[in-house]
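Quick look at upload.txt (compact mmCIF, C-alpha atoms and all ligand atoms):
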# COMPACT_ATOMS: atom_id res chain seq x y z
CA MET A 176 -33.26 40.54 -2.34
CA SER A 177 -33.88 39.44 -5.93
CA LYS A 178 -31.59 36.99 -7.66
CA THR A 179 -29.20 38.31 -10.34
CA GLN A 180 -29.30 36.99 -13.89
CA ASP A 181 -26.02 35.14 -13.24
CA GLU A 182 -27.60 33.43 -10.23
CA LEU A 183 -30.63 32.48 -12.33
CA LYS A 184 -28.35 30.97 -14.98
CA ARG A 185 -26.49 28.96 -12.34
CA GLU A 186 -29.76 27.78 -10.82
CA VAL A 187 -31.17 26.53 -14.11
CA ALA A 188 -27.84 24.87 -15.01
CA GLN A 189 -27.97 23.04 -11.66
CA ALA A 190 -31.56 21.96 -12.41
CA ALA A 191 -30.41 20.48 -15.73
CA LEU A 192 -27.58 18.61 -14.03
CA ASP A 193 -30.00 17.26 -11.40
CA PHE A 194 -32.36 16.17 -14.20
CA ILE A 195 -29.76 14.20 -16.19
CA ALA A 196 -27.73 12.83 -13.23
CA PRO A 197 -29.86 9.72 -12.49
CA HIS A 198 -29.70 8.68 -16.16
CA LEU A 199 -25.92 8.88 -16.64
CA THR A 200 -23.62 5.88 -16.90
CA PRO A 201 -19.87 5.62 -17.59
CA ALA A 202 -20.82 5.16 -21.28
CA SER A 203 -22.95 8.32 -21.55
CA MET A 204 -22.05 10.86 -24.23
CA LEU A 205 -23.32 14.43 -23.84
CA GLY A 206 -23.85 17.26 -26.29
CA ILE A 207 -22.87 20.61 -24.81
CA GLY A 208 -24.06 23.96 -26.12
CA THR A 209 -22.69 27.46 -26.22
CA GLY A 210 -23.21 30.70 -24.34
CA SER A 211 -23.27 32.03 -20.80
CA THR A 212 -25.94 29.61 -19.53
CA ALA A 213 -24.22 26.60 -21.13
CA ASN A 214 -20.98 27.84 -19.54
CA GLU A 215 -22.62 27.61 -16.11
CA PHE A 216 -23.62 24.05 -16.95
CA ILE A 217 -20.03 23.21 -17.96
CA ASN A 218 -18.75 24.67 -14.67
CA LEU A 219 -21.10 22.42 -12.70
CA LEU A 220 -20.53 19.33 -14.87
CA GLY A 221 -16.76 19.76 -14.60
CA THR A 222 -16.82 19.52 -10.80
CA SER A 223 -19.76 17.10 -10.43
CA GLY A 224 -17.92 13.77 -10.37
CA LEU A 225 -20.84 12.29 -12.32
CA PRO A 226 -20.18 9.27 -14.57
CA PHE A 227 -20.07 9.93 -18.34
CA SER A 228 -17.73 9.04 -21.15
CA GLY A 229 -17.29 12.32 -23.00
CA THR A 230 -18.84 15.24 -24.81
CA VAL A 231 -19.41 16.79 -28.21
CA ALA A 232 -19.31 20.59 -28.14
CA SER A 233 -21.28 22.99 -30.33
CA SER A 234 -18.46 25.55 -30.54
CA GLU A 235 -14.70 25.90 -30.25
CA ALA A 236 -15.28 28.08 -27.16
CA SER A 237 -17.26 25.40 -25.33
CA ALA A 238 -14.79 22.69 -26.42
CA GLN A 239 -11.96 24.69 -24.87
CA ARG A 240 -13.90 25.26 -21.65
CA LEU A 241 -14.68 21.54 -21.38
CA ARG A 242 -11.03 20.62 -21.95
CA ASP A 243 -9.99 23.11 -19.27
CA PHE A 244 -11.98 20.94 -16.85
CA GLY A 245 -10.26 17.80 -18.18
CA ILE A 246 -13.50 16.64 -19.85
CA PRO A 247 -12.97 14.64 -23.08
CA VAL A 248 -14.31 16.40 -26.22
CA LEU A 249 -14.88 14.24 -29.28
CA ASP A 250 -15.63 14.96 -32.91
CA LEU A 251 -19.29 14.23 -33.69
CA SER A 252 -18.22 11.95 -36.55
CA LEU A 253 -16.74 9.56 -33.95
CA VAL A 254 -19.97 9.30 -31.97
CA ASP A 255 -23.10 7.26 -32.71
CA SER A 256 -25.53 9.26 -30.64
CA LEU A 257 -25.67 11.65 -27.71
CA GLN A 258 -27.84 10.79 -24.70
CA PHE A 259 -28.54 14.43 -23.81
CA TYR A 260 -27.95 17.84 -25.35
CA ILE A 261 -27.86 20.72 -22.87
CA ASP A 262 -27.93 24.26 -24.22
CA GLY A 263 -29.36 27.75 -23.70
CA ALA A 264 -31.60 29.80 -25.98
CA ASP A 265 -32.27 33.41 -26.88
CA GLU A 266 -36.06 32.92 -26.91
CA ALA A 267 -38.42 30.05 -26.15
CA ASN A 268 -42.18 29.68 -26.55
CA GLY A 269 -44.67 27.36 -24.87
CA ALA A 270 -44.35 24.80 -27.68
CA LEU A 271 -40.63 24.51 -26.82
CA GLU A 272 -39.68 26.14 -30.12
CA LEU A 273 -36.57 28.29 -29.84
CA ILE A 274 -34.52 31.07 -31.34
CA LYS A 275 -30.81 30.38 -30.95
CA GLY A 276 -27.60 31.81 -32.38
CA GLY A 277 -27.06 34.97 -30.37
CA GLY A 278 -23.53 33.68 -29.90
CA ALA A 279 -23.23 32.71 -33.61
CA ALA A 280 -23.05 28.97 -32.84
CA LEU A 281 -26.44 28.03 -34.36
CA THR A 282 -25.29 25.66 -37.10
CA ARG A 283 -23.19 23.41 -34.91
CA GLU A 284 -25.87 23.65 -32.22
CA LYS A 285 -28.51 22.43 -34.66
CA ILE A 286 -26.27 19.55 -35.75
CA VAL A 287 -25.54 18.48 -32.18
CA ALA A 288 -29.23 18.81 -31.27
CA ALA A 289 -30.14 16.60 -34.26
CA ALA A 290 -27.71 13.93 -33.04
CA SER A 291 -29.14 13.94 -29.52
CA GLU A 292 -31.83 11.73 -28.06
CA PHE A 293 -33.07 14.37 -25.61
CA PHE A 294 -32.59 18.16 -25.68
CA VAL A 295 -32.67 19.97 -22.34
CA CYS A 296 -32.93 23.72 -22.94
CA ILE A 297 -31.92 25.96 -20.05
CA ALA A 298 -32.75 29.65 -19.72
CA ASP A 299 -33.87 32.27 -17.29
CA GLU A 300 -37.49 33.28 -17.68
CA SER A 301 -36.64 36.56 -19.45
CA LYS A 302 -36.24 34.33 -22.55
CA GLU A 303 -39.85 33.11 -22.44
CA VAL A 304 -42.13 34.68 -25.08
CA ALA A 305 -45.61 34.08 -26.48
CA THR A 306 -44.45 34.68 -30.09
CA LEU A 307 -40.87 34.20 -31.27
CA GLY A 308 -39.19 37.12 -33.03
CA LYS A 309 -38.53 39.95 -30.64
CA PHE A 310 -34.95 38.67 -30.51
CA PRO A 311 -33.47 39.23 -34.01
CA LEU A 312 -33.36 35.87 -35.81
CA PRO A 313 -29.73 34.82 -36.55
CA ILE A 314 -28.98 33.24 -39.92
CA GLU A 315 -25.63 31.76 -40.95
CA VAL A 316 -24.85 32.60 -44.57
CA ILE A 317 -22.10 31.77 -47.07
CA PRO A 318 -20.27 35.13 -47.45
CA MET A 319 -20.67 35.45 -51.26
CA ALA A 320 -24.47 35.07 -50.91
CA GLU A 321 -24.87 38.05 -48.57
CA ASN A 322 -26.83 40.27 -50.99
CA ILE A 323 -29.19 37.66 -52.38
CA VAL A 324 -30.01 36.39 -48.91
CA ILE A 325 -30.63 39.94 -47.64
CA ASN A 326 -32.99 40.61 -50.56
CA ALA A 327 -34.90 37.38 -49.96
CA LEU A 328 -35.27 38.11 -46.24
CA ARG A 329 -36.55 41.63 -46.99
CA ALA A 330 -39.12 40.08 -49.33
CA MET A 331 -40.26 37.90 -46.40
CA GLY A 332 -40.93 41.04 -44.36
CA GLY A 333 -37.87 41.18 -42.11
CA ARG A 334 -35.17 43.81 -41.62
CA PRO A 335 -31.89 41.92 -42.13
CA GLU A 336 -28.59 43.29 -40.83
CA VAL A 337 -25.15 41.74 -41.16
CA ARG A 338 -23.61 41.15 -37.70
CA GLU A 339 -20.48 43.26 -38.04
CA GLY A 340 -17.10 41.73 -37.16
CA VAL A 341 -18.49 38.21 -36.64
CA ILE A 342 -17.25 35.14 -38.53
CA THR A 343 -18.62 31.78 -37.41
CA ASP A 344 -16.60 28.68 -36.51
CA ASN A 345 -17.52 27.53 -40.07
CA ARG A 346 -16.04 30.72 -41.65
CA ASN A 347 -19.42 32.19 -42.61
CA ILE A 348 -21.24 35.44 -41.78
CA ILE A 349 -24.29 36.00 -39.58
CA ILE A 350 -27.31 38.02 -40.73
CA ASP A 351 -29.74 39.00 -37.96
CA VAL A 352 -33.35 39.56 -39.01
CA HIS A 353 -35.03 42.31 -36.97
CA ASP A 354 -38.73 43.24 -36.73
CA PHE A 355 -39.76 39.74 -37.74
CA MET A 356 -42.54 38.28 -35.58
CA ILE A 357 -42.78 34.55 -36.30
CA ALA A 358 -46.35 33.26 -36.21
CA ASP A 359 -45.51 29.81 -37.62
CA PRO A 360 -41.97 28.84 -36.55
CA LYS A 361 -41.88 25.51 -38.41
CA ALA A 362 -43.00 27.05 -41.72
CA THR A 363 -40.60 29.98 -41.33
CA GLU A 364 -37.69 27.66 -40.48
CA THR A 365 -38.39 25.66 -43.65
CA ALA A 366 -38.87 28.76 -45.83
CA ILE A 367 -35.60 30.38 -44.77
CA ASN A 368 -33.72 27.14 -45.38
CA GLN A 369 -34.91 27.33 -49.02
CA ILE A 370 -32.98 30.57 -49.65
CA THR A 371 -29.83 29.74 -51.60
CA GLY A 372 -26.75 30.68 -49.61
CA VAL A 373 -28.34 30.08 -46.20
CA VAL A 374 -26.39 27.50 -44.23
CA CYS A 375 -28.74 27.40 -41.26
CA ASN A 376 -31.24 29.57 -39.43
CA GLY A 377 -31.64 30.04 -35.69
CA LEU A 378 -35.19 28.71 -35.48
CA PHE A 379 -35.22 25.41 -33.60
CA ALA A 380 -38.84 24.47 -34.33
CA HIS A 381 -38.73 21.17 -36.22
CA ARG A 382 -36.26 19.96 -33.63
CA GLY A 383 -37.13 22.05 -30.58
CA ALA A 384 -36.37 21.24 -26.97
CA ASP A 385 -37.72 18.10 -25.26
CA LEU A 386 -37.55 19.79 -21.87
CA LEU A 387 -37.42 23.52 -21.19
CA LEU A 388 -36.15 24.58 -17.77
CA LEU A 389 -36.81 28.23 -16.90
CA SER A 390 -35.41 29.85 -13.79
CA GLY A 391 -37.13 32.78 -12.11
CA GLN A 392 -37.29 34.55 -8.79
CA THR A 393 -39.54 31.84 -7.36
CA GLY A 394 -37.61 28.80 -8.61
CA VAL A 395 -37.21 26.65 -11.74
CA ARG A 396 -40.22 25.72 -13.88
CA SER A 397 -40.14 22.82 -16.31
CA LEU A 398 -42.09 22.48 -19.56
CA ARG A 399 -42.17 19.12 -21.38
CA ALA A 400 -42.79 18.56 -25.08
O1 LIG A 501 -25.16 30.87 -30.41
C1 LIG A 501 -25.41 30.86 -29.22
C2 LIG A 501 -26.45 30.06 -28.58
O2 LIG A 501 -27.58 29.83 -29.36
C3 LIG A 501 -26.78 30.38 -27.15
O3 LIG A 501 -27.28 29.20 -26.60
C4 LIG A 501 -27.80 31.49 -26.97
O4 LIG A 501 -27.35 32.66 -27.60
C5 LIG A 501 -28.08 31.76 -25.49
O5 LIG A 501 -26.93 32.27 -24.88
P1 LIG A 501 -26.93 32.77 -23.38
O6 LIG A 501 -27.09 31.57 -22.51
O7 LIG A 501 -25.57 33.43 -23.21
O8 LIG A 501 -28.03 33.76 -23.24
Let me see whether you can do it: turn the structure in this file into structure tokens.
Amino acid sequence: MSKTQDELKREVAQAALDFIAPHLTPASMLGIGTGSTANEFINLLGTSGLPFSGTVASSEASAQRLRDFGIPVLDLSLVDSLQFYIDGADEANGALELIKGGGAALTREKIVAAASEFFVCIADESKEVATLGKFPLPIEVIPMAENIVINALRAMGGRPEVREGVITDNRNIIIDVHDFMIADPKATETAINQITGVVCNGLFAHRGADLLLLSGQTGVRSLRA
């Protein structure tokens, strides 16, 4: 019988926990991501009994889930650095470049990733692609800039659509760019950041993952940067 997607998420979350466990000390601070795969990681971390000091969360939702387990959640401004960041992705390529933001948490995720010494990305193998861009690229945008950002993204060749009914934790909107195959993720990440009104885009190429764990029917594969 084949494993369900939920089982694959649990399996890859367990692999991430097994990977970080030998490195943790009572002083360790962890960055924790957002989404259904990160939630599986939180469930396992919360019952693991492993030594660590606390966490920084990439969303209000993850912060609440961590607190529900009695895990301390700190503001990033109170923390010098994070030993590990553990988070999911919407797409990942062989260079460990990612698309993130399907859950609208991309900006805080990018900040927490930037503050982390080592980024462990966890996903089931349906997220693995040769070229990023089949998943619509999420972009967080200051609301008053909606039209100028949409026009600039159209000029870059994409088909931007505002994600209806979604406001980010930072009180901004999300524009998803469809039909936008990304041949050069680093150049595209930089170019989109140059559009006035863009807060952040969901390409994690300049700071991609350091380790990508991918679960599939035959087990968990790991790709190192
Ligand atoms: O904004 C959300 C994040 O980037 C998630 O990590 C991403 O959408 C993957 O989520 P999931 O594990 O639910 O597929």
Could you give me the centre and size, in Å to one decimal, of an axis-aligned box around all listed atoms of ligand LIG 501 (chain A) with 5 Å added on every side, as JSON?
{"center_x": -26.6, "center_y": 31.5, "center_z": -26.5, "size_x": 12.9, "size_y": 14.6, "size_z": 17.9}
Hey, which residues come within 6 Å of ligand LIG 501 (chain A) if we count all atoms listed in the file? Could you give them as a list in words?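 These are the residues that qualify: Thr209, Gly210, Ser211, Thr212, Ala213, Asp262, Gly263, Ala264, Asp265, Lys275, Gly276, Gly277, Gly278, Ala279, Ala280 and Leu281 of chain A.
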9 Å contact set for segment 220-233 of chain A, all atoms listed in the file, chain neighbours under 3 positions out, as a VMD selection string: chain A and resid 189 192 196 199 to 209 215 to 217 236 to 238 241 243 to 251 254 257 280 to 287
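Taking atom CA of Asn345 of chain A as the reference point, atom CA of Met319 of chain A is found at 14.1 Å.
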Suppose you want the space between atom CA of Cys296 of chain A and atom CA of Glu339 of chain A; what is it in Å?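 Atom-to-atom, atom CA of Cys296 of chain A to atom CA of Glu339 of chain A, that is 27.7 Å.
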Got a sec: who's within 8 Å of segment 374-383 of chain A, counting only C-alpha atoms, leaving out chain neighbours fewer than 6 positions off, as a PDB file with C-alpha atoms, keeping the file's coordinate frame?
ATOM      1  CA  LEU A 271     -40.630  24.510 -26.820  1.00  0.00           C
ATOM      2  CA  GLU A 272     -39.680  26.140 -30.120  1.00  0.00           C
ATOM      3  CA  LEU A 273     -36.570  28.290 -29.840  1.00  0.00           C
ATOM      4  CA  ILE A 274     -34.520  31.070 -31.340  1.00  0.00           C
ATOM      5  CA  LYS A 275     -30.810  30.380 -30.950  1.00  0.00           C
ATOM      6  CA  GLY A 276     -27.600  31.810 -32.380  1.00  0.00           C
ATOM      7  CA  LEU A 281     -26.440  28.030 -34.360  1.00  0.00           C
ATOM      8  CA  THR A 282     -25.290  25.660 -37.100  1.00  0.00           C
ATOM      9  CA  LYS A 285     -28.510  22.430 -34.660  1.00  0.00           C
ATOM     10  CA  ALA A 288     -29.230  18.810 -31.270  1.00  0.00           C
ATOM     11  CA  ALA A 289     -30.140  16.600 -34.260  1.00  0.00           C
ATOM     12  CA  PHE A 294     -32.590  18.160 -25.680  1.00  0.00           C
ATOM     13  CA  LEU A 312     -33.360  35.870 -35.810  1.00  0.00           C
ATOM     14  CA  PRO A 313     -29.730  34.820 -36.550  1.00  0.00           C
ATOM     15  CA  ILE A 314     -28.980  33.240 -39.920  1.00  0.00           C
ATOM     16  CA  GLU A 315     -25.630  31.760 -40.950  1.00  0.00           C
ATOM     17  CA  VAL A 316     -24.850  32.600 -44.570  1.00  0.00           C
ATOM     18  CA  ILE A 317     -22.100  31.770 -47.070  1.00  0.00           C
ATOM     19  CA  PRO A 360     -41.970  28.840 -36.550  1.00  0.00           C
ATOM     20  CA  LYS A 361     -41.880  25.510 -38.410  1.00  0.00           C
ATOM     21  CA  GLU A 364     -37.690  27.660 -40.480  1.00  0.00           C
ATOM     22  CA  ILE A 367     -35.600  30.380 -44.770  1.00  0.00           C
ATOM     23  CA  ASN A 368     -33.720  27.140 -45.380  1.00  0.00           C
TER      24      ASN A 368
END
Using only C-alpha atoms, find the one residue out of A:Ser301, A:Ser177, A:Thr306, A:Thr365 that sits nearest to Ala270 of chain A. A:Thr306
Considering all atoms listed in the file, return as an mmCIF file with C-alpha atoms, in the coordinates of the input whatever protein or nucleic-acid residues lie within 7 Å of Lys184 of chain A, sequence-local ones (same chain, fewer than 3 positions apart) excluded.
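around35.cif, freshly written:
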data_model
loop_
_atom_site.group_PDB
_atom_site.id
_atom_site.type_symbol
_atom_site.label_atom_id
_atom_site.label_comp_id
_atom_site.auth_asym_id
_atom_site.auth_seq_id
_atom_site.Cartn_x
_atom_site.Cartn_y
_atom_site.Cartn_z
ATOM 1 C CA GLN A 180 -29.300 36.990 -13.890
ATOM 2 C CA ASP A 181 -26.020 35.140 -13.240
ATOM 3 C CA VAL A 187 -31.170 26.530 -14.110
ATOM 4 C CA ALA A 188 -27.840 24.870 -15.010
ATOM 5 C CA THR A 212 -25.940 29.610 -19.530
ATOM 6 C CA GLU A 215 -22.620 27.610 -16.110
ATOM 7 C CA ALA A 298 -32.750 29.650 -19.720
ATOM 8 C CA ASP A 299 -33.870 32.270 -17.290
#
Need the neighbours of (-21.6, 38.2, -42.0): which residues are at most 8 Å away, counting only C-alpha atoms, as a count of residues only? 14
Near-segment 303-305 of chain A list (7 Å; only C-alpha atoms; drop same-chain fewer than 2 positions) as a tab-separated table (two decimals) with C-alpha atoms, keeping the file's coordinate frame:
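File selection-v2.tsv, as written:
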chain	number	residue	atom	x	y	z
A	266	GLU	CA	-36.06	32.92	-26.91
A	267	ALA	CA	-38.42	30.05	-26.15
A	268	ASN	CA	-42.18	29.68	-26.55
A	269	GLY	CA	-44.67	27.36	-24.87
A	300	GLU	CA	-37.49	33.28	-17.68
A	301	SER	CA	-36.64	36.56	-19.45
A	307	LEU	CA	-40.87	34.20	-31.27
